[in-house]
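K.L.:
Let me begin by handing over the structure; questions about it come next.
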Amino acid sequence: MRIWPIFKKEMRLYFTSPIAWVILTIFTLITGYFFYSIFAFFTLASMQSMMNPAMARELNVTDSVLRPLFSNISVILLLLMPLVTMRLFAEERRSGTIELLLTYPVRDGAVLIGKYLAALAVYGVMLAATLVYPALVLYFARVEWGVLLTGYLGLLLMGATFLAVGVFASSLTENQIVASITTFGVLLIFWVIGWSADYVGGVVGRVLTHVSLLEHFDSFAKGVLDTKDVVYYLDFTIVALFLTLRSLEARRWKG
Amino acid sequence: MIEVKNLTKHYGPITAVRDVSFNVAPGEIVGFLGPNGAGKTTTMRILACFMPASGGSARVAGYDVFRESMDVRRRIGYLPENVPLYPDLPVAAYLEFVAEVKGVGRSERKRRVAEAMERCLITDVQSRLIGKLSKGYRQRVGLAQAIINDPHVLILDEPTIGLDPKQITEIRSLIKSLAGEHTVILSTHILPEVSMLCAGVIIINKGVIVAQGPIETLVEQFFPTARVQVEIAGPPAAVREGMRRIPGVLEVRAEAQEDGRSTYVVESARGRDVRAEIFQLAAQQRWELRELKRVGMTLEEVFIRIVAGEDAAEAEETAETAEAPAP
Ligand SMILES: Nc1ncnc2c1ncn2[C@@H]1O[C@H](COP(=O)(O)OP(=O)(O)O)[C@@H](O)[C@H]1O
Ligand SMILES: [Mg+2]
């Protein structure tokens, strides 16, 4: 499997074109802004709580800073991740380079994994940039390491799922905009699908909750590590990647 | 080196290639000639393992393009029509990527890239972005990526399309220089290109192969006559009659006429040179002989004859069906 050269090429394309830089910058700015608001609010609340001991009991860093921060980041990801993956196959198809790529002695699977890992690496850099915020919190207050770890693990798994959906959408079209909008639409549906679970109720409700991208993230943000959630994201990712492989194969027949 | 048997490809209801069969021997350079939409790209894409055929089989470098695709891909260099490259990569970095993907070992890679750039005369632009290069240079980068793994077979789809005349000449001489070491199949809709580069030709029209073989054989097959062009000042009727009586002459046609001089085309049996007799005839009759030369039959004429013949046959067929009484 010649994954490595594909990975290197994709990384190079990410960082020679402005796209990765723009996404990184915007992501860092927005998460930074959210962190600032959340943390400022927390500081204010802590000061007030000094006068009101009843309130202080409610107040802890995990619930007031980390959890809101994680859920904010997850929403930003919903908006930005489609932009990370939209180029991967759509642009190769539009420019025709896919014709060379898929006639080199590499399997379609290796091409897919190389590209996917490159997207994951870009996401890794994005996530790494946000580590500054917990570090700042650490400087001022005590943080529960468990929550921090599960939170980031959750972000990683959820992001990996977003990217897999994005890669799939990118393999369906030669238009990057179409790819990113499709990705966003699919993610949004799986995001909000759990909301209706409450009033649907019964088995259907439980199923809706189970397929919801958001529900599974919630427990990570709370510091709960459940294999059920991990398996959910991994399954989602594998299914999306498998569909991508099939889509590549199907498009070969169409030429 | 390339064996194609009854290859067929459908795109939904469209049949792009039907029952195509041909062989290319090792070391040969063959032209795949046909008008636009004939099915050249489709055939080459199948040979390059980009898409599977709907029917029939193809073997390249001894392996089946469908079942042993990886073995085929390791042994070919492919240049698609319109040369798709990554505009954001520098030339050398791109070639290094291709070399690595094509499995050129780490120790050899640098050398191979340098060699390919040298062969294709792009060493001086190696650090430029591909997107900033002229079309001619991009074409050479395309050829460089094709030869970088030292492939047995080169598959070049319309390698000179969209270039200016100077670039065309350069690319042609480059392809010619590559021909010695590789088996080459190149597609084109430009006739002189085939005569210039190739010994053999495969002519395809509307998805069907209409003729194939060495160019001279094809010319002989489709033009079993030799031609002489004569310009004579003399009474046209007498001139024509006199030449027609020369043994071996099959046909005399008057082409152009101006103030008593006429140009004639004399067709004779192939291998029979009637120029001496025409000269003697003119001398005897005291006609002024202005010009006497042999005209070669070109592939162009062969092509027109074949393609026009096909179209005529098809028109006849449709006419027949149209005439059939309605039930
Ligand atoms: N991907 C495709 N989908 C549908 N029809 C196609 C496709 N590619 C080519 N064709 C059709 O197949 C025929 C042969 O095309 P092609 O192989 O590109 O011819 P050439 O390269 O000789 O110009 C044409 O009629 C073309 O319209
Ligand atoms: Mg073509």
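Ligands are numbered from 1 in the order shown, residues from 1 within each chain, and chains are lettered A, B, ... in the order they appear in the structure tokens.
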Would you kindly report the residues of chain A within 7 Å of chain B, using only C-alpha atoms, as a JSON list (two decimals) with C-alpha atoms, in the first residue's frame?

P.N.:
[["chain", "number", "residue", "atom", "x", "y", "z"],
["A", 2, "ARG", "CA", 1.56, 3.27, -1.11],
["A", 5, "PRO", "CA", 3.33, 9.45, -1.08],
["A", 9, "LYS", "CA", 1.20, 15.14, -1.76],
["A", 13, "LEU", "CA", -1.38, 20.79, -1.58],
["A", 16, "THR", "CA", 0.75, 25.44, -0.60],
["A", 95, "SER", "CA", -9.10, 18.97, -13.28],
["A", 96, "GLY", "CA", -8.80, 15.41, -14.62],
["A", 97, "THR", "CA", -5.79, 14.54, -12.46],
["A", 99, "GLU", "CA", -7.20, 9.90, -14.42],
["A", 102, "LEU", "CA", -6.03, 6.11, -10.57],
["A", 103, "THR", "CA", -3.79, 4.64, -13.26],
["A", 104, "TYR", "CA", -0.69, 4.65, -11.08],
["A", 105, "PRO", "CA", 0.14, 1.36, -9.40],
["A", 106, "VAL", "CA", -1.75, 2.18, -6.20],
["A", 252, "ARG", "CA", -14.56, 4.14, -12.99],
["A", 253, "TRP", "CA", -17.23, 2.32, -14.94],
["A", 254, "LYS", "CA", -18.82, 5.57, -16.00],
["A", 255, "GLY", "CA", -15.49, 7.00, -17.04]]

K.L.:
Residues of chain B that approach ligand 1 to 9 Å or less, counting only C-alpha atoms and all ligand atoms: could you list each one with the shortest pair of atoms and its distance in Å to one decimal, rows by chain and increasing residue number, as a Markdown table?

P.N.:
| residue | atom | partner | partner_atom_place_in_ligand_line | distance |
| --- | --- | --- | --- | --- |
| B:Lys9 | CA | ligand 1 | 12 (O) | 8.6 |
| B:His10 | CA | ligand 1 | 5 (N) | 8.0 |
| B:Tyr11 | CA | ligand 1 | 4 (C) | 4.8 |
| B:Gly12 | CA | ligand 1 | 4 (C) | 7.1 |
| B:Pro13 | CA | ligand 1 | 4 (C) | 8.6 |
| B:Ile14 | CA | ligand 1 | 5 (N) | 6.3 |
| B:Thr15 | CA | ligand 1 | 12 (O) | 6.7 |
| B:Ala16 | CA | ligand 1 | 12 (O) | 4.0 |
| B:Val17 | CA | ligand 1 | 14 (C) | 6.9 |
| B:Leu33 | CA | ligand 1 | 22 (O) | 8.2 |
| B:Gly34 | CA | ligand 1 | 22 (O) | 6.1 |
| B:Pro35 | CA | ligand 1 | 22 (O) | 6.2 |
| B:Asn36 | CA | ligand 1 | 23 (O) | 3.7 |
| B:Gly37 | CA | ligand 1 | 19 (O) | 3.4 |
| B:Ala38 | CA | ligand 1 | 22 (O) | 3.8 |
| B:Gly39 | CA | ligand 1 | 17 (O) | 3.2 |
| B:Lys40 | CA | ligand 1 | 22 (O) | 3.6 |
| B:Thr41 | CA | ligand 1 | 21 (O) | 3.5 |
| B:Thr42 | CA | ligand 1 | 17 (O) | 3.7 |
| B:Thr43 | CA | ligand 1 | 17 (O) | 6.5 |
| B:Met44 | CA | ligand 1 | 17 (O) | 8.1 |
| B:Arg45 | CA | ligand 1 | 17 (O) | 8.4 |
| B:Glu81 | CA | ligand 1 | 21 (O) | 8.1 |
| B:Asp157 | CA | ligand 1 | 21 (O) | 7.8 |
| B:Glu158 | CA | ligand 1 | 21 (O) | 8.2 |
| B:Ser187 | CA | ligand 1 | 21 (O) | 8.0 |
| B:Thr188 | CA | ligand 1 | 22 (O) | 8.1 |
| B:His189 | CA | ligand 1 | 22 (O) | 7.8 |
| B:Ile204 | CA | ligand 1 | 22 (O) | 8.0 |
| B:Asn205 | CA | ligand 1 | 22 (O) | 8.0 |
| B:Lys206 | CA | ligand 1 | 14 (C) | 7.5 |
| B:Gly207 | CA | ligand 1 | 14 (C) | 6.8 |

K.L.:
Store the residues of this selection in a file with N, CA and C atoms, as a short mmCIF file (atom, residue, chain, number, x, y, z; two decimals), in the first residue's frame.

P.N.:
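That gives us again14.cif:
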data_model
loop_
_atom_site.label_atom_id
_atom_site.label_comp_id
_atom_site.auth_asym_id
_atom_site.auth_seq_id
_atom_site.Cartn_x
_atom_site.Cartn_y
_atom_site.Cartn_z
N LYS B 9 -16.96 -0.95 -25.42
CA LYS B 9 -17.27 -0.12 -24.26
C LYS B 9 -18.56 0.65 -24.49
N HIS B 10 -19.49 0.46 -23.59
CA HIS B 10 -20.74 1.24 -23.64
C HIS B 10 -20.72 2.30 -22.55
N TYR B 11 -21.21 3.49 -22.88
CA TYR B 11 -21.53 4.48 -21.85
C TYR B 11 -23.05 4.57 -21.84
N GLY B 12 -23.67 3.87 -20.97
CA GLY B 12 -25.14 3.85 -21.00
C GLY B 12 -25.60 3.37 -22.38
N PRO B 13 -26.39 4.17 -23.07
CA PRO B 13 -26.88 3.74 -24.37
C PRO B 13 -25.85 3.92 -25.49
N ILE B 14 -24.81 4.73 -25.23
CA ILE B 14 -23.82 5.01 -26.28
C ILE B 14 -22.77 3.91 -26.33
N THR B 15 -22.50 3.41 -27.52
CA THR B 15 -21.39 2.48 -27.68
C THR B 15 -20.22 3.27 -28.24
N ALA B 16 -19.21 3.48 -27.40
CA ALA B 16 -18.08 4.31 -27.81
C ALA B 16 -17.09 3.51 -28.63
N VAL B 17 -16.95 2.22 -28.31
CA VAL B 17 -15.98 1.36 -28.98
C VAL B 17 -16.64 0.00 -29.18
N LEU B 33 -5.39 6.43 -35.07
CA LEU B 33 -5.86 7.59 -35.81
C LEU B 33 -7.36 7.56 -35.97
N GLY B 34 -7.98 8.69 -35.79
CA GLY B 34 -9.42 8.75 -36.01
C GLY B 34 -9.94 10.14 -35.74
N PRO B 35 -11.07 10.49 -36.35
CA PRO B 35 -11.64 11.82 -36.10
C PRO B 35 -12.12 11.94 -34.66
N ASN B 36 -12.52 13.14 -34.26
CA ASN B 36 -13.00 13.34 -32.89
C ASN B 36 -14.23 12.48 -32.62
N GLY B 37 -14.26 11.89 -31.43
CA GLY B 37 -15.42 11.08 -31.05
C GLY B 37 -15.34 9.67 -31.60
N ALA B 38 -14.18 9.29 -32.16
CA ALA B 38 -14.06 7.96 -32.78
C ALA B 38 -13.94 6.85 -31.74
N GLY B 39 -13.47 7.22 -30.54
CA GLY B 39 -13.30 6.20 -29.51
C GLY B 39 -11.85 5.99 -29.12
N LYS B 40 -10.98 6.91 -29.51
CA LYS B 40 -9.56 6.77 -29.20
C LYS B 40 -9.31 6.87 -27.70
N THR B 41 -9.84 7.95 -27.09
CA THR B 41 -9.63 8.14 -25.66
C THR B 41 -10.20 6.98 -24.86
N THR B 42 -11.38 6.54 -25.24
CA THR B 42 -12.00 5.42 -24.54
C THR B 42 -11.09 4.20 -24.57
N THR B 43 -10.57 3.86 -25.75
CA THR B 43 -9.69 2.70 -25.87
C THR B 43 -8.44 2.86 -25.00
N MET B 44 -7.86 4.05 -25.04
CA MET B 44 -6.62 4.26 -24.29
C MET B 44 -6.86 4.22 -22.78
N ARG B 45 -8.03 4.72 -22.37
CA ARG B 45 -8.35 4.67 -20.94
C ARG B 45 -8.50 3.23 -20.47
N GLU B 81 -5.33 12.76 -22.45
CA GLU B 81 -5.64 13.92 -23.28
C GLU B 81 -5.71 15.14 -22.34
N ASP B 157 -2.24 9.98 -25.31
CA ASP B 157 -3.51 10.36 -25.92
C ASP B 157 -3.41 11.79 -26.45
N GLU B 158 -3.42 11.93 -27.75
CA GLU B 158 -3.33 13.23 -28.43
C GLU B 158 -2.24 14.11 -27.82
N SER B 187 -2.40 8.37 -29.86
CA SER B 187 -3.61 8.65 -30.62
C SER B 187 -3.53 10.05 -31.17
N THR B 188 -4.18 10.27 -32.27
CA THR B 188 -4.17 11.59 -32.89
C THR B 188 -5.30 11.67 -33.91
N HIS B 189 -5.73 12.89 -34.17
CA HIS B 189 -6.65 13.05 -35.29
C HIS B 189 -5.95 13.80 -36.41
N ILE B 204 -9.42 4.24 -36.66
CA ILE B 204 -10.69 3.95 -36.01
C ILE B 204 -11.68 5.04 -36.39
N ASN B 205 -12.92 4.63 -36.64
CA ASN B 205 -13.97 5.59 -36.96
C ASN B 205 -15.26 5.11 -36.33
N LYS B 206 -15.92 5.99 -35.61
CA LYS B 206 -17.19 5.66 -34.97
C LYS B 206 -17.11 4.38 -34.13
N GLY B 207 -16.00 4.23 -33.42
CA GLY B 207 -15.88 3.11 -32.50
C GLY B 207 -15.47 1.80 -33.14
#

K.L.:
I'd like the contact shell of stretch 115-127 of chain A - 6 Å cut-off, only C-alpha atoms, skipping same-chain residues fewer than 4 positions apart - returned as a list of chain:residue names.

P.N.:
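Residues near the query, excluding close chain neighbours: A:Phe7, A:Met11, A:Leu24.
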
K.L.:
Keeping only all heavy atoms, write the selected residues to a file as a PDB file, in the first residue's frame.

P.N.:
ATOM      1  N   PHE A   7      -0.298  10.762   0.906  1.00  0.00           N
ATOM      2  CA  PHE A   7      -0.444  11.610   2.089  1.00  0.00           C
ATOM      3  C   PHE A   7       0.426  12.864   1.978  1.00  0.00           C
ATOM      4  O   PHE A   7      -0.035  13.983   2.167  1.00  0.00           O
ATOM      5  CB  PHE A   7      -0.068  10.803   3.340  1.00  0.00           C
ATOM      6  CG  PHE A   7      -0.032  11.612   4.603  1.00  0.00           C
ATOM      7  CD1 PHE A   7      -1.200  11.902   5.289  1.00  0.00           C
ATOM      8  CD2 PHE A   7       1.175  12.097   5.097  1.00  0.00           C
ATOM      9  CE1 PHE A   7      -1.168  12.664   6.451  1.00  0.00           C
ATOM     10  CE2 PHE A   7       1.211  12.856   6.259  1.00  0.00           C
ATOM     11  CZ  PHE A   7       0.037  13.136   6.936  1.00  0.00           C
ATOM     12  N   MET A  11      -0.791  16.782   1.801  1.00  0.00           N
ATOM     13  CA  MET A  11      -0.356  17.761   2.796  1.00  0.00           C
ATOM     14  C   MET A  11       0.264  18.962   2.093  1.00  0.00           C
ATOM     15  O   MET A  11       0.023  20.107   2.440  1.00  0.00           O
ATOM     16  CB  MET A  11       0.667  17.137   3.750  1.00  0.00           C
ATOM     17  CG  MET A  11       0.068  16.156   4.727  1.00  0.00           C
ATOM     18  SD  MET A  11      -1.352  16.815   5.595  1.00  0.00           S
ATOM     19  CE  MET A  11      -0.580  17.655   6.957  1.00  0.00           C
ATOM     20  N   LEU A  24      -7.476  27.171   9.282  1.00  0.00           N
ATOM     21  CA  LEU A  24      -6.797  27.204  10.588  1.00  0.00           C
ATOM     22  C   LEU A  24      -6.990  28.546  11.282  1.00  0.00           C
ATOM     23  O   LEU A  24      -7.293  28.615  12.468  1.00  0.00           O
ATOM     24  CB  LEU A  24      -5.301  26.964  10.380  1.00  0.00           C
ATOM     25  CG  LEU A  24      -4.791  25.564  10.656  1.00  0.00           C
ATOM     26  CD1 LEU A  24      -3.337  25.448  10.233  1.00  0.00           C
ATOM     27  CD2 LEU A  24      -4.934  25.260  12.143  1.00  0.00           C
TER      28      LEU A  24
END

K.L.:
Please provide as number ranges by chain all residues within 6 Å of B:Pro90, with the sequence filter that same-chain residues fewer than 3 positions apart are discarded (counting only C-alpha atoms).

P.N.:
B: 93, 127-130

K.L.:
Could you pull out all residues of stretch 28-234 of chain A with a DSSP call of alpha helix (DSSP H) and give them as a PyMOL selection string?

P.N.:
chain A and resi 28-51+53-58+61+67-85+87-95+97-101+108-130+132-140+145-172+176-192+197-200+202-211+213-222+227-234

K.L.:
Pick the closest to ligand 2 from B:Val24, B:Leu156, B:Cys198, B:Val184: which is it, counting only C-alpha atoms and all ligand atoms?

P.N.:
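Smallest distance to ligand 2 is found for B:Leu156.
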
K.L.:
Have a look at B:Gly56, B:Pro159, B:Pro247, B:Pro224 and name the one nearest to ligand 2; count only C-alpha atoms and all ligand atoms.

P.N.:
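Of B:Gly56, B:Pro159, B:Pro247, B:Pro224, the one nearest ligand 2, counting only C-alpha atoms and all ligand atoms, is B:Pro159.
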
K.L.:
If we count only C-alpha atoms, what is near B:Ala283 at a cut-off of 12 Å, once residues fewer than 5 positions away on the same chain are taken out, given as a list of chain:residue names?

P.N.:
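With the cut-off at 12 Å, the set is B:Ile232, B:Ala233, B:Gly234, B:Val239, B:Ala276, B:Glu277, B:Ile278, B:Glu288, B:Leu289, B:Arg290.
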
K.L.:
Could you turn the residues from that selection into a file that holds all heavy atoms, as a JSON list (two decimals), in the first residue's frame?

P.N.:
[["chain", "number", "residue", "atom", "x", "y", "z"],
["B", 232, "ILE", "N", 1.24, 19.95, -69.88],
["B", 232, "ILE", "CA", 1.59, 19.94, -71.30],
["B", 232, "ILE", "C", 0.82, 21.02, -72.03],
["B", 232, "ILE", "O", -0.36, 21.24, -71.75],
["B", 232, "ILE", "CB", 1.24, 18.56, -71.93],
["B", 232, "ILE", "CG1", 2.30, 17.51, -71.55],
["B", 232, "ILE", "CG2", 1.13, 18.65, -73.44],
["B", 232, "ILE", "CD1", 2.08, 16.17, -72.18],
["B", 233, "ALA", "N", 1.51, 21.74, -72.94],
["B", 233, "ALA", "CA", 0.79, 22.65, -73.82],
["B", 233, "ALA", "C", 0.54, 21.89, -75.12],
["B", 233, "ALA", "O", 1.47, 21.49, -75.80],
["B", 233, "ALA", "CB", 1.60, 23.90, -74.08],
["B", 234, "GLY", "N", -0.73, 21.68, -75.47],
["B", 234, "GLY", "CA", -1.06, 20.92, -76.68],
["B", 234, "GLY", "C", -2.55, 20.75, -76.74],
["B", 234, "GLY", "O", -3.25, 21.05, -75.76],
["B", 239, "VAL", "N", -3.78, 15.13, -76.54],
["B", 239, "VAL", "CA", -2.87, 14.82, -75.43],
["B", 239, "VAL", "C", -3.45, 13.68, -74.60],
["B", 239, "VAL", "O", -2.78, 12.70, -74.29],
["B", 239, "VAL", "CB", -2.65, 16.07, -74.55],
["B", 239, "VAL", "CG1", -1.88, 15.69, -73.30],
["B", 239, "VAL", "CG2", -1.91, 17.15, -75.33],
["B", 276, "ALA", "N", 8.81, 8.10, -68.79],
["B", 276, "ALA", "CA", 9.64, 8.11, -70.00],
["B", 276, "ALA", "C", 8.76, 8.13, -71.24],
["B", 276, "ALA", "O", 9.00, 8.89, -72.20],
["B", 276, "ALA", "CB", 10.55, 6.89, -70.00],
["B", 277, "GLU", "N", 7.72, 7.31, -71.23],
["B", 277, "GLU", "CA", 6.83, 7.25, -72.40],
["B", 277, "GLU", "C", 6.11, 8.57, -72.63],
["B", 277, "GLU", "O", 5.94, 9.00, -73.77],
["B", 277, "GLU", "CB", 5.79, 6.13, -72.21],
["B", 277, "GLU", "CG", 6.33, 4.77, -72.61],
["B", 277, "GLU", "CD", 6.35, 3.80, -71.45],
["B", 277, "GLU", "OE1", 6.74, 4.25, -70.34],
["B", 277, "GLU", "OE2", 5.99, 2.63, -71.65],
["B", 278, "ILE", "N", 5.69, 9.20, -71.53],
["B", 278, "ILE", "CA", 5.00, 10.49, -71.69],
["B", 278, "ILE", "C", 5.96, 11.51, -72.29],
["B", 278, "ILE", "O", 5.62, 12.27, -73.19],
["B", 278, "ILE", "CB", 4.46, 10.98, -70.33],
["B", 278, "ILE", "CG1", 3.33, 10.05, -69.87],
["B", 278, "ILE", "CG2", 3.94, 12.41, -70.45],
["B", 278, "ILE", "CD1", 2.79, 10.38, -68.50],
["B", 288, "GLU", "N", 4.76, 21.08, -75.88],
["B", 288, "GLU", "CA", 5.68, 21.64, -74.88],
["B", 288, "GLU", "C", 5.40, 21.00, -73.53],
["B", 288, "GLU", "O", 4.32, 21.11, -72.98],
["B", 288, "GLU", "CB", 5.49, 23.14, -74.79],
["B", 288, "GLU", "CG", 6.51, 23.81, -73.90],
["B", 288, "GLU", "CD", 6.17, 25.28, -73.71],
["B", 288, "GLU", "OE1", 5.35, 25.82, -74.50],
["B", 288, "GLU", "OE2", 6.71, 25.89, -72.77],
["B", 289, "LEU", "N", 6.41, 20.29, -73.02],
["B", 289, "LEU", "CA", 6.24, 19.61, -71.71],
["B", 289, "LEU", "C", 6.77, 20.52, -70.60],
["B", 289, "LEU", "O", 7.94, 20.86, -70.58],
["B", 289, "LEU", "CB", 7.01, 18.29, -71.73],
["B", 289, "LEU", "CG", 6.88, 17.43, -70.49],
["B", 289, "LEU", "CD1", 5.46, 16.98, -70.26],
["B", 289, "LEU", "CD2", 7.81, 16.22, -70.60],
["B", 290, "ARG", "N", 5.89, 20.97, -69.74],
["B", 290, "ARG", "CA", 6.29, 21.91, -68.69],
["B", 290, "ARG", "C", 6.67, 21.21, -67.39],
["B", 290, "ARG", "O", 7.56, 21.63, -66.67],
["B", 290, "ARG", "CB", 5.15, 22.87, -68.40],
["B", 290, "ARG", "CG", 4.84, 23.82, -69.51],
["B", 290, "ARG", "CD", 6.00, 24.81, -69.66],
["B", 290, "ARG", "NE", 5.68, 25.84, -70.63],
["B", 290, "ARG", "CZ", 5.03, 26.95, -70.32],
["B", 290, "ARG", "NH1", 4.64, 27.15, -69.10],
["B", 290, "ARG", "NH2", 4.79, 27.86, -71.26]]

K.L.:
If we count only C-alpha atoms, what is near A:Ile30 at a cut-off of 12 Å, once residues fewer than 2 positions away on the same chain are taken out, given as a list of chain:residue names?

P.N.:
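Counting only the stated atoms, we get A:Ile23, A:Leu24, A:Thr25, A:Ile26, A:Phe27, A:Thr28, A:Gly32, A:Tyr33, A:Phe34, A:Phe35, A:Tyr36, A:Ser37, A:Leu69, A:Asn72, A:Ile73, A:Ser74, A:Val75, A:Ile76, A:Leu77, A:Leu79, A:Leu80, A:Met126, A:Ala129, A:Thr130.
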
K.L.:
Give me the residues within 10 Å of stretch 184-187 of chain A as a PyMOL selection string, counting only C-alpha atoms and dropping any in the same chain fewer than 6 places off.

P.N.:
chain A and resi 78-83+161-162+165-166+169+178+193+212-214

K.L.:
Could you check how far atom CA of B:Gly55 sits from atom CA of B:Val210, in Å to one decimal?

P.N.:
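These two atoms are separated by 19.1 Å.
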
K.L.:
For atom CA of B:Val30 and atom CA of B:Arg294, determine how far apart the two atoms are, in Å to one decimal place.

P.N.:
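Value for the atom CA of B:Val30-atom CA of B:Arg294 distance: 27.6 Å.
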
K.L.:
Tell me, in Å to one decimal, how far atom CA of B:Thr123 is from atom CA of B:Arg172.

P.N.:
18.7 Å
